[in-house]
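Q: This one is protein.cif, mmCIF, C-alpha atoms.
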```cif
data_structure
loop_
_atom_site.group_PDB
_atom_site.id
_atom_site.type_symbol
_atom_site.label_atom_id
_atom_site.label_comp_id
_atom_site.auth_asym_id
_atom_site.auth_seq_id
_atom_site.Cartn_x
_atom_site.Cartn_y
_atom_site.Cartn_z
ATOM 1 C CA MET A 20 30.350 -27.131 40.405
ATOM 2 C CA THR A 21 31.569 -23.623 39.746
ATOM 3 C CA THR A 22 35.085 -22.550 40.567
ATOM 4 C CA MET A 23 35.927 -19.500 42.630
ATOM 5 C CA ARG A 24 37.247 -17.884 39.438
ATOM 6 C CA GLU A 25 33.911 -18.497 37.704
ATOM 7 C CA ARG A 26 32.077 -17.072 40.721
ATOM 8 C CA MET A 27 34.324 -13.990 40.711
ATOM 9 C CA LEU A 28 33.801 -13.374 36.992
ATOM 10 C CA ALA A 29 30.028 -13.779 37.462
ATOM 11 C CA GLY A 30 29.994 -11.103 40.193
ATOM 12 C CA GLU A 31 29.105 -13.582 42.935
ATOM 13 C CA LEU A 32 30.654 -13.968 46.363
ATOM 14 C CA TYR A 33 33.875 -15.943 46.076
ATOM 15 C CA ARG A 34 37.082 -16.669 47.979
ATOM 16 C CA ALA A 35 40.330 -15.378 46.515
ATOM 17 C CA ASP A 36 42.370 -18.369 47.742
ATOM 18 C CA ASP A 37 41.621 -20.325 44.552
ATOM 19 C CA PRO A 38 44.757 -21.682 42.789
ATOM 20 C CA ALA A 39 43.575 -20.421 39.386
ATOM 21 C CA LEU A 40 43.150 -16.923 40.828
ATOM 22 C CA PHE A 41 46.612 -17.124 42.389
ATOM 23 C CA ASP A 42 47.993 -17.933 38.922
ATOM 24 C CA ASP A 43 46.102 -15.010 37.395
ATOM 25 C CA MET A 44 47.378 -12.638 40.077
ATOM 26 C CA ALA A 45 50.933 -13.928 39.672
ATOM 27 C CA ARG A 46 50.744 -13.239 35.927
ATOM 28 C CA ALA A 47 49.495 -9.687 36.568
ATOM 29 C CA SER A 48 52.145 -9.111 39.248
ATOM 30 C CA ALA A 49 54.958 -10.279 36.965
ATOM 31 C CA LEU A 50 53.803 -8.134 34.035
ATOM 32 C CA SER A 51 53.223 -5.124 36.309
ATOM 33 C CA HIS A 52 56.696 -5.548 37.782
ATOM 34 C CA ARG A 53 58.225 -5.595 34.314
ATOM 35 C CA LEU A 54 56.232 -2.498 33.366
ATOM 36 C CA ASN A 55 57.085 -0.632 36.548
ATOM 37 C CA THR A 56 60.822 -1.359 36.240
ATOM 38 C CA ALA A 57 61.136 -0.864 32.464
ATOM 39 C CA ASP A 58 63.209 1.937 30.977
ATOM 40 C CA PRO A 59 60.796 4.894 30.989
ATOM 41 C CA THR A 60 61.986 5.907 27.512
ATOM 42 C CA ASP A 61 61.186 2.476 26.013
ATOM 43 C CA HIS A 62 57.632 3.303 24.938
ATOM 44 C CA ALA A 63 57.390 0.259 22.661
ATOM 45 C CA LEU A 64 58.145 -2.163 25.526
ATOM 46 C CA ARG A 65 55.737 -0.392 27.880
ATOM 47 C CA ARG A 66 52.974 -0.573 25.247
ATOM 48 C CA GLU A 67 53.730 -4.262 24.618
ATOM 49 C CA LEU A 68 53.509 -5.053 28.339
ATOM 50 C CA LEU A 69 50.266 -3.099 28.799
ATOM 51 C CA THR A 70 48.736 -4.782 25.746
ATOM 52 C CA GLU A 71 49.627 -8.192 27.183
ATOM 53 C CA LEU A 72 48.510 -7.312 30.730
ATOM 54 C CA LEU A 73 45.201 -5.561 30.095
ATOM 55 C CA GLY A 74 41.937 -6.799 28.601
ATOM 56 C CA GLY A 75 42.169 -3.955 26.089
ATOM 57 C CA PHE A 76 44.548 -1.040 25.594
ATOM 58 C CA GLY A 77 43.541 1.582 23.049
ATOM 59 C CA GLU A 78 45.611 3.275 20.395
ATOM 60 C CA ASP A 79 47.757 6.216 21.574
ATOM 61 C CA SER A 80 46.963 5.547 25.246
ATOM 62 C CA GLU A 81 49.543 5.757 28.009
ATOM 63 C CA ILE A 82 49.739 4.597 31.616
ATOM 64 C CA ARG A 83 52.747 5.972 33.476
ATOM 65 C CA PRO A 84 54.294 3.581 35.987
ATOM 66 C CA PRO A 85 53.892 2.665 38.681
ATOM 67 C CA PHE A 86 50.675 0.856 37.816
ATOM 68 C CA ARG A 87 49.017 -1.814 39.948
ATOM 69 C CA CYS A 88 46.127 -4.177 39.258
ATOM 70 C CA ASP A 89 44.760 -7.458 40.573
ATOM 71 C CA TYR A 90 44.286 -9.334 37.301
ATOM 72 C CA GLY A 91 44.788 -6.952 34.369
ATOM 73 C CA TYR A 92 42.534 -8.827 31.977
ATOM 74 C CA GLN A 93 39.522 -7.182 33.648
ATOM 75 C CA THR A 94 40.763 -3.624 32.838
ATOM 76 C CA PHE A 95 39.892 -2.094 29.454
ATOM 77 C CA VAL A 96 41.369 1.256 28.382
ATOM 78 C CA GLY A 97 40.075 3.193 25.384
ATOM 79 C CA ALA A 98 42.001 5.196 22.793
ATOM 80 C CA ARG A 99 44.012 8.354 23.553
ATOM 81 C CA THR A 100 43.650 7.900 27.308
ATOM 82 C CA PHE A 101 46.350 9.112 29.677
ATOM 83 C CA ALA A 102 46.880 7.877 33.240
ATOM 84 C CA ASN A 103 49.505 9.593 35.336
ATOM 85 C CA PHE A 104 51.750 7.965 37.957
ATOM 86 C CA GLY A 105 50.278 5.598 40.529
ATOM 87 C CA LEU A 106 47.050 4.313 38.977
ATOM 88 C CA ILE A 107 45.535 1.399 40.909
ATOM 89 C CA SER A 108 42.887 -0.729 39.196
ATOM 90 C CA LEU A 109 41.540 -3.365 41.575
ATOM 91 C CA ASP A 110 39.922 -5.194 38.699
ATOM 92 C CA VAL A 111 38.149 -8.065 40.419
ATOM 93 C CA ALA A 112 35.182 -6.927 38.295
ATOM 94 C CA THR A 113 35.618 -5.122 34.993
ATOM 95 C CA VAL A 114 37.048 -1.628 34.906
ATOM 96 C CA THR A 115 36.126 0.073 31.643
ATOM 97 C CA ILE A 116 37.863 3.373 30.876
ATOM 98 C CA GLY A 117 36.634 5.217 27.787
ATOM 99 C CA ASP A 118 38.393 7.171 25.041
ATOM 100 C CA ASP A 119 40.201 10.466 25.692
ATOM 101 C CA VAL A 120 40.148 10.065 29.486
ATOM 102 C CA GLN A 121 42.618 11.990 31.656
ATOM 103 C CA ILE A 122 43.537 10.316 34.962
ATOM 104 C CA GLY A 123 45.578 12.242 37.521
ATOM 105 C CA PRO A 124 48.245 10.749 39.772
ATOM 106 C CA ASN A 125 47.366 8.259 42.499
ATOM 107 C CA VAL A 126 43.842 7.498 41.319
ATOM 108 C CA GLN A 127 42.220 4.332 42.698
ATOM 109 C CA LEU A 128 39.551 2.369 40.825
ATOM 110 C CA LEU A 129 38.250 -0.121 43.392
ATOM 111 C CA THR A 130 35.776 -2.784 42.237
ATOM 112 C CA ALA A 131 36.219 -5.146 45.210
ATOM 113 C CA TRP A 132 33.959 -5.164 48.242
ATOM 114 C CA HIS A 133 33.536 -7.335 51.326
ATOM 115 C CA PRO A 134 30.409 -8.373 53.229
ATOM 116 C CA VAL A 135 29.449 -6.146 56.138
ATOM 117 C CA ALA A 136 28.369 -9.189 58.167
ATOM 118 C CA ALA A 137 31.240 -10.352 60.358
ATOM 119 C CA GLY A 138 30.930 -14.103 59.682
ATOM 120 C CA PRO A 139 31.237 -14.110 55.882
ATOM 121 C CA ARG A 140 33.963 -11.457 56.052
ATOM 122 C CA ARG A 141 35.916 -13.520 58.579
ATOM 123 C CA ASP A 142 35.496 -16.528 56.278
ATOM 124 C CA LYS A 143 37.209 -14.475 53.514
ATOM 125 C CA TRP A 144 34.229 -14.103 51.180
ATOM 126 C CA GLU A 145 34.351 -11.118 48.839
ATOM 127 C CA ALA A 146 32.801 -9.870 45.604
ATOM 128 C CA ALA A 147 33.077 -6.978 43.178
ATOM 129 C CA SER A 148 30.987 -4.604 41.089
ATOM 130 C CA PRO A 149 32.121 -3.099 37.749
ATOM 131 C CA ILE A 150 33.339 0.463 37.268
ATOM 132 C CA VAL A 151 32.685 2.378 34.037
ATOM 133 C CA ILE A 152 34.462 5.635 33.195
ATOM 134 C CA GLY A 153 32.893 7.322 30.156
ATOM 135 C CA ASP A 154 34.615 9.091 27.271
ATOM 136 C CA ASN A 155 36.466 12.385 27.806
ATOM 137 C CA VAL A 156 36.310 12.153 31.612
ATOM 138 C CA TRP A 157 38.934 13.869 33.760
ATOM 139 C CA LEU A 158 39.696 12.313 37.155
ATOM 140 C CA GLY A 159 41.838 14.670 39.243
ATOM 141 C CA GLY A 160 44.733 13.501 41.379
ATOM 142 C CA GLY A 161 43.893 11.160 44.233
ATOM 143 C CA VAL A 162 40.324 10.423 43.119
ATOM 144 C CA ILE A 163 38.874 7.189 44.493
ATOM 145 C CA VAL A 164 36.080 5.460 42.566
ATOM 146 C CA LEU A 165 34.157 2.836 44.538
ATOM 147 C CA PRO A 166 32.561 -0.431 43.344
ATOM 148 C CA GLY A 167 29.648 -0.271 40.932
ATOM 149 C CA VAL A 168 30.112 3.377 39.927
ATOM 150 C CA THR A 169 29.570 4.737 36.414
ATOM 151 C CA ILE A 170 30.913 8.198 35.510
ATOM 152 C CA GLY A 171 29.225 9.770 32.498
ATOM 153 C CA ASP A 172 30.936 11.229 29.420
ATOM 154 C CA ASN A 173 32.707 14.601 29.719
ATOM 155 C CA THR A 174 32.454 14.669 33.516
ATOM 156 C CA VAL A 175 35.228 16.213 35.629
ATOM 157 C CA VAL A 176 35.925 14.828 39.112
ATOM 158 C CA GLY A 177 37.978 17.146 41.337
ATOM 159 C CA ALA A 178 41.178 16.068 43.046
ATOM 160 C CA GLY A 179 40.709 13.970 46.165
ATOM 161 C CA ALA A 180 37.032 13.219 45.548
ATOM 162 C CA VAL A 181 35.578 9.886 46.620
ATOM 163 C CA VAL A 182 32.977 8.762 44.080
ATOM 164 C CA THR A 183 30.448 6.570 45.874
ATOM 165 C CA LYS A 184 27.539 6.825 43.399
ATOM 166 C CA ASP A 185 27.059 7.219 39.648
ATOM 167 C CA LEU A 186 27.784 10.640 38.163
ATOM 168 C CA PRO A 187 25.864 11.858 35.105
ATOM 169 C CA PRO A 188 27.545 13.140 31.959
ATOM 170 C CA ASP A 189 28.695 16.760 31.563
ATOM 171 C CA VAL A 190 29.082 17.742 35.224
ATOM 172 C CA VAL A 191 31.797 18.783 37.664
ATOM 173 C CA ALA A 192 31.819 16.797 40.924
ATOM 174 C CA VAL A 193 33.977 17.305 44.019
ATOM 175 C CA GLY A 194 34.228 16.207 47.640
ATOM 176 C CA ASN A 195 33.817 13.203 49.872
ATOM 177 C CA PRO A 196 31.413 11.831 48.941
ATOM 178 C CA ALA A 197 31.603 13.376 45.475
ATOM 179 C CA ARG A 198 28.679 15.652 44.682
ATOM 180 C CA VAL A 199 27.790 17.524 41.528
ATOM 181 C CA ILE A 200 28.480 21.247 41.892
ATOM 182 C CA ARG A 201 27.756 22.475 38.372
ATOM 183 C CA PRO A 202 27.507 21.508 34.705
ATOM 184 C CA VAL A 203 30.613 21.419 32.546
ATOM 185 C CA GLU A 204 30.879 24.674 30.646
ATOM 186 C CA PRO A 205 30.692 24.342 26.856
#
```
Represent the supplied structure as structure tokens.
A:
Amino acid sequence: MTTMRERMLAGELYRADDPALFDDMARASALSHRLNTADPTDHALRRELLTELLGGFGEDSEIRPPFRCDYGYQTFVGARTFANFGLISLDVATVTIGDDVQIGPNVQLLTAWHPVAAGPRRDKWEAASPIVIGDNVWLGGGVIVLPGVTIGDNTVVGAGAVVTKDLPPDVVAVGNPARVIRPVEP
């Protein structure tokens, strides 16, 4: 018999009321709270907390508090990446953020989704699809990235865009839903 945690990690429908998932969320909440209330000048402590919280946290990367996540261990941040205030990573599935990424304030990376059918949704079933942010991507302030989306290397996503589908590398995308408006200039 598989547990709800095993179902979640496998990308299957699961129910979040599993005791093991509650423990995982409590761990992430406690570490996030410590991060979000830490002295903002104590860079060593903030790095230590992010390294403990996240599945991977690259060299010379920074996430400015406040930061929120579901589990933490499902979020992987590459090297030299900067995330401004208010990043939300709903990491029910993996969130992979590449190297040299710039993330504006109040960006939401949302892997979780719920069934459209009323019955399963009422019964609290949910699932998630991974998000991948390539290297050297810039997500403007307030960008929302939906479940299952991959954003290619060097792509720029304008402030406030809602990314509902994959974006190729080397483009500028804006709007709701985000659409490619031009290539990135060399």
Q: Nearest to Ala192 of chain A among A:Asp43, A:Leu158, A:Asp37, A:Pro124, with distances taken over only C-alpha atoms: which residue is it?
A: A:Leu158
Q: Which residue is closest to Leu106 of chain A? Choose from A:Gly77, A:Gly160, A:Pro59, A:Gly153 and count all atoms listed in the file.
A: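 Ranking A:Gly77, A:Gly160, A:Pro59, A:Gly153 by distance to Leu106 of chain A, first place goes to A:Gly160.
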Q: Let me know the residues the PyMOL selection byres ((chain A and resi 188) around 8) catches in the file above, as a PDB file with C-alpha atoms, in the frame of the given file.
A:
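The result, written out as out_39.pdb:
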```pdb
ATOM      1  CA  ILE A 170      30.913   8.198  35.510  1.00  0.00           C
ATOM      2  CA  GLY A 171      29.225   9.770  32.498  1.00  0.00           C
ATOM      3  CA  ASP A 172      30.936  11.229  29.420  1.00  0.00           C
ATOM      4  CA  ASN A 173      32.707  14.601  29.719  1.00  0.00           C
ATOM      5  CA  THR A 174      32.454  14.669  33.516  1.00  0.00           C
ATOM      6  CA  LEU A 186      27.784  10.640  38.163  1.00  0.00           C
ATOM      7  CA  PRO A 187      25.864  11.858  35.105  1.00  0.00           C
ATOM      8  CA  ASP A 189      28.695  16.760  31.563  1.00  0.00           C
ATOM      9  CA  VAL A 190      29.082  17.742  35.224  1.00  0.00           C
TER      10      VAL A 190
END
```
Q: Which residue is closest to Lys184 of chain A? Choose from A:Arg141, A:Arg83, A:Arg198, A:Arg26 and count only C-alpha atoms.
A: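 Checking each candidate against Lys184 of chain A, we get A:Arg198 as the closest.
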Q: Would you mind listing what lies within 7 Å of Ile122 of chain A as a list in words, with only C-alpha atoms counted and same-chain residues fewer than 2 positions away left out?
A: Phe101, Ala102, Asn103, Val120, Pro124, Val126, Trp157, Leu158 and Gly159 of chain A
Q: If you count all atoms listed in the file, which residues fall within 9 Å of Ala131 of chain A, apart from same-chain ones fewer than 2 positions away, as a PDB file with C-alpha atoms, in the coordinates of the input?
A:
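File produced: around.pdb:
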```pdb
ATOM      1  CA  LEU A 109      41.540  -3.365  41.575  1.00  0.00           C
ATOM      2  CA  ASP A 110      39.922  -5.194  38.699  1.00  0.00           C
ATOM      3  CA  VAL A 111      38.149  -8.065  40.419  1.00  0.00           C
ATOM      4  CA  ALA A 112      35.182  -6.927  38.295  1.00  0.00           C
ATOM      5  CA  LEU A 129      38.250  -0.121  43.392  1.00  0.00           C
ATOM      6  CA  HIS A 133      33.536  -7.335  51.326  1.00  0.00           C
ATOM      7  CA  GLU A 145      34.351 -11.118  48.839  1.00  0.00           C
ATOM      8  CA  ALA A 146      32.801  -9.870  45.604  1.00  0.00           C
ATOM      9  CA  ALA A 147      33.077  -6.978  43.178  1.00  0.00           C
ATOM     10  CA  SER A 148      30.987  -4.604  41.089  1.00  0.00           C
ATOM     11  CA  PRO A 149      32.121  -3.099  37.749  1.00  0.00           C
ATOM     12  CA  LEU A 165      34.157   2.836  44.538  1.00  0.00           C
ATOM     13  CA  PRO A 166      32.561  -0.431  43.344  1.00  0.00           C
TER      14      PRO A 166
END
```
Q: Quick one: distance from atom CA of Asn55 of chain A to atom CA of Gly75 of chain A in Å, one decimal?
A: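 Those two atoms sit 18.5 Å apart.
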Q: Selection in question (the file shown): the PyMOL selection byres ((chain A and resi 118) around 10). Which residues does it include, as an mmCIF file with C-alpha atoms, in the coordinates of the input?
A:
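As written to disk, part.cif reads:
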```cif
data_model
loop_
_atom_site.group_PDB
_atom_site.id
_atom_site.type_symbol
_atom_site.label_atom_id
_atom_site.label_comp_id
_atom_site.auth_asym_id
_atom_site.auth_seq_id
_atom_site.Cartn_x
_atom_site.Cartn_y
_atom_site.Cartn_z
ATOM 1 C CA GLY A 77 43.541 1.582 23.049
ATOM 2 C CA GLU A 78 45.611 3.275 20.395
ATOM 3 C CA SER A 80 46.963 5.547 25.246
ATOM 4 C CA VAL A 96 41.369 1.256 28.382
ATOM 5 C CA GLY A 97 40.075 3.193 25.384
ATOM 6 C CA ALA A 98 42.001 5.196 22.793
ATOM 7 C CA ARG A 99 44.012 8.354 23.553
ATOM 8 C CA THR A 100 43.650 7.900 27.308
ATOM 9 C CA PHE A 101 46.350 9.112 29.677
ATOM 10 C CA THR A 115 36.126 0.073 31.643
ATOM 11 C CA ILE A 116 37.863 3.373 30.876
ATOM 12 C CA GLY A 117 36.634 5.217 27.787
ATOM 13 C CA ASP A 119 40.201 10.466 25.692
ATOM 14 C CA VAL A 120 40.148 10.065 29.486
ATOM 15 C CA GLN A 121 42.618 11.990 31.656
ATOM 16 C CA ILE A 152 34.462 5.635 33.195
ATOM 17 C CA GLY A 153 32.893 7.322 30.156
ATOM 18 C CA ASP A 154 34.615 9.091 27.271
ATOM 19 C CA ASN A 155 36.466 12.385 27.806
ATOM 20 C CA VAL A 156 36.310 12.153 31.612
ATOM 21 C CA ASP A 172 30.936 11.229 29.420
#
```
Q: Show me, as AutoDock Vina command-line options, the centre and edge lengths in Å to one decimal of the axis-aligned box that covers every listed atom of segment 160-179 of chain A with 6 Å on each side.
A:
```
--center_x 37.0 --center_y 8.4 --center_z 37.8 --size_x 27.5 --size_y 29.6 --size_z 28.7
```
Q: One decimal, in Å: what's the spacing between atom CA of Asp36 of chain A and atom CA of Leu128 of chain A?
A: 22.0 Å
Q: Could you list as an NGL selection string every residue that has an atom within 8 Å of (29.7, 5.2, 45.7), using the file's coordinates and counting only C-alpha atoms?
A: :A and (164-168 or 181-185 or 196)
Q: Considering all atoms listed in the file, state which residue in the set A:Gln93, A:Ser108, A:Asn125, A:Asn195 is at the smallest distance from Met27 of chain A.
A: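 Ranked by minimum distance to Met27 of chain A, first place goes to A:Gln93.
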Q: Here is a test: counting only C-alpha atoms, which residue of A:Ile163, A:Glu71, A:Pro38, A:Ile82 is nearest to Thr130 of chain A?
A: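 Selected residue with least distance to Thr130 of chain A: A:Ile163.
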Q: Would you mind telling me which residue in A:Tyr90, A:Phe41, A:Thr70, A:Thr113 lies nearest to Ala29 of chain A when using only C-alpha atoms?
A: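 Answer, going by the shortest atom-to-atom distance: A:Thr113.
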Q: One decimal, Å: what's the distance from atom CA of Arg140 of chain A over to atom CA of Asp42 of chain A, could you say?
A: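 Separating atom CA of Arg140 of chain A from atom CA of Asp42 of chain A is a distance of 23.1 Å.
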Q: What would the list of residues within 8 Å of (34.4, 17.6, 43.8) (file frame) look like as a PDB file with C-alpha atoms, in the coordinates of the input, if all atoms listed in the file are what count?
A:
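As a result, point25.pdb now contains:
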```pdb
ATOM      1  CA  VAL A 176      35.925  14.828  39.112  1.00  0.00           C
ATOM      2  CA  GLY A 177      37.978  17.146  41.337  1.00  0.00           C
ATOM      3  CA  ALA A 178      41.178  16.068  43.046  1.00  0.00           C
ATOM      4  CA  GLY A 179      40.709  13.970  46.165  1.00  0.00           C
ATOM      5  CA  ALA A 180      37.032  13.219  45.548  1.00  0.00           C
ATOM      6  CA  VAL A 191      31.797  18.783  37.664  1.00  0.00           C
ATOM      7  CA  ALA A 192      31.819  16.797  40.924  1.00  0.00           C
ATOM      8  CA  VAL A 193      33.977  17.305  44.019  1.00  0.00           C
ATOM      9  CA  GLY A 194      34.228  16.207  47.640  1.00  0.00           C
ATOM     10  CA  ASN A 195      33.817  13.203  49.872  1.00  0.00           C
ATOM     11  CA  ALA A 197      31.603  13.376  45.475  1.00  0.00           C
ATOM     12  CA  ARG A 198      28.679  15.652  44.682  1.00  0.00           C
ATOM     13  CA  VAL A 199      27.790  17.524  41.528  1.00  0.00           C
ATOM     14  CA  ILE A 200      28.480  21.247  41.892  1.00  0.00           C
TER      15      ILE A 200
END
```
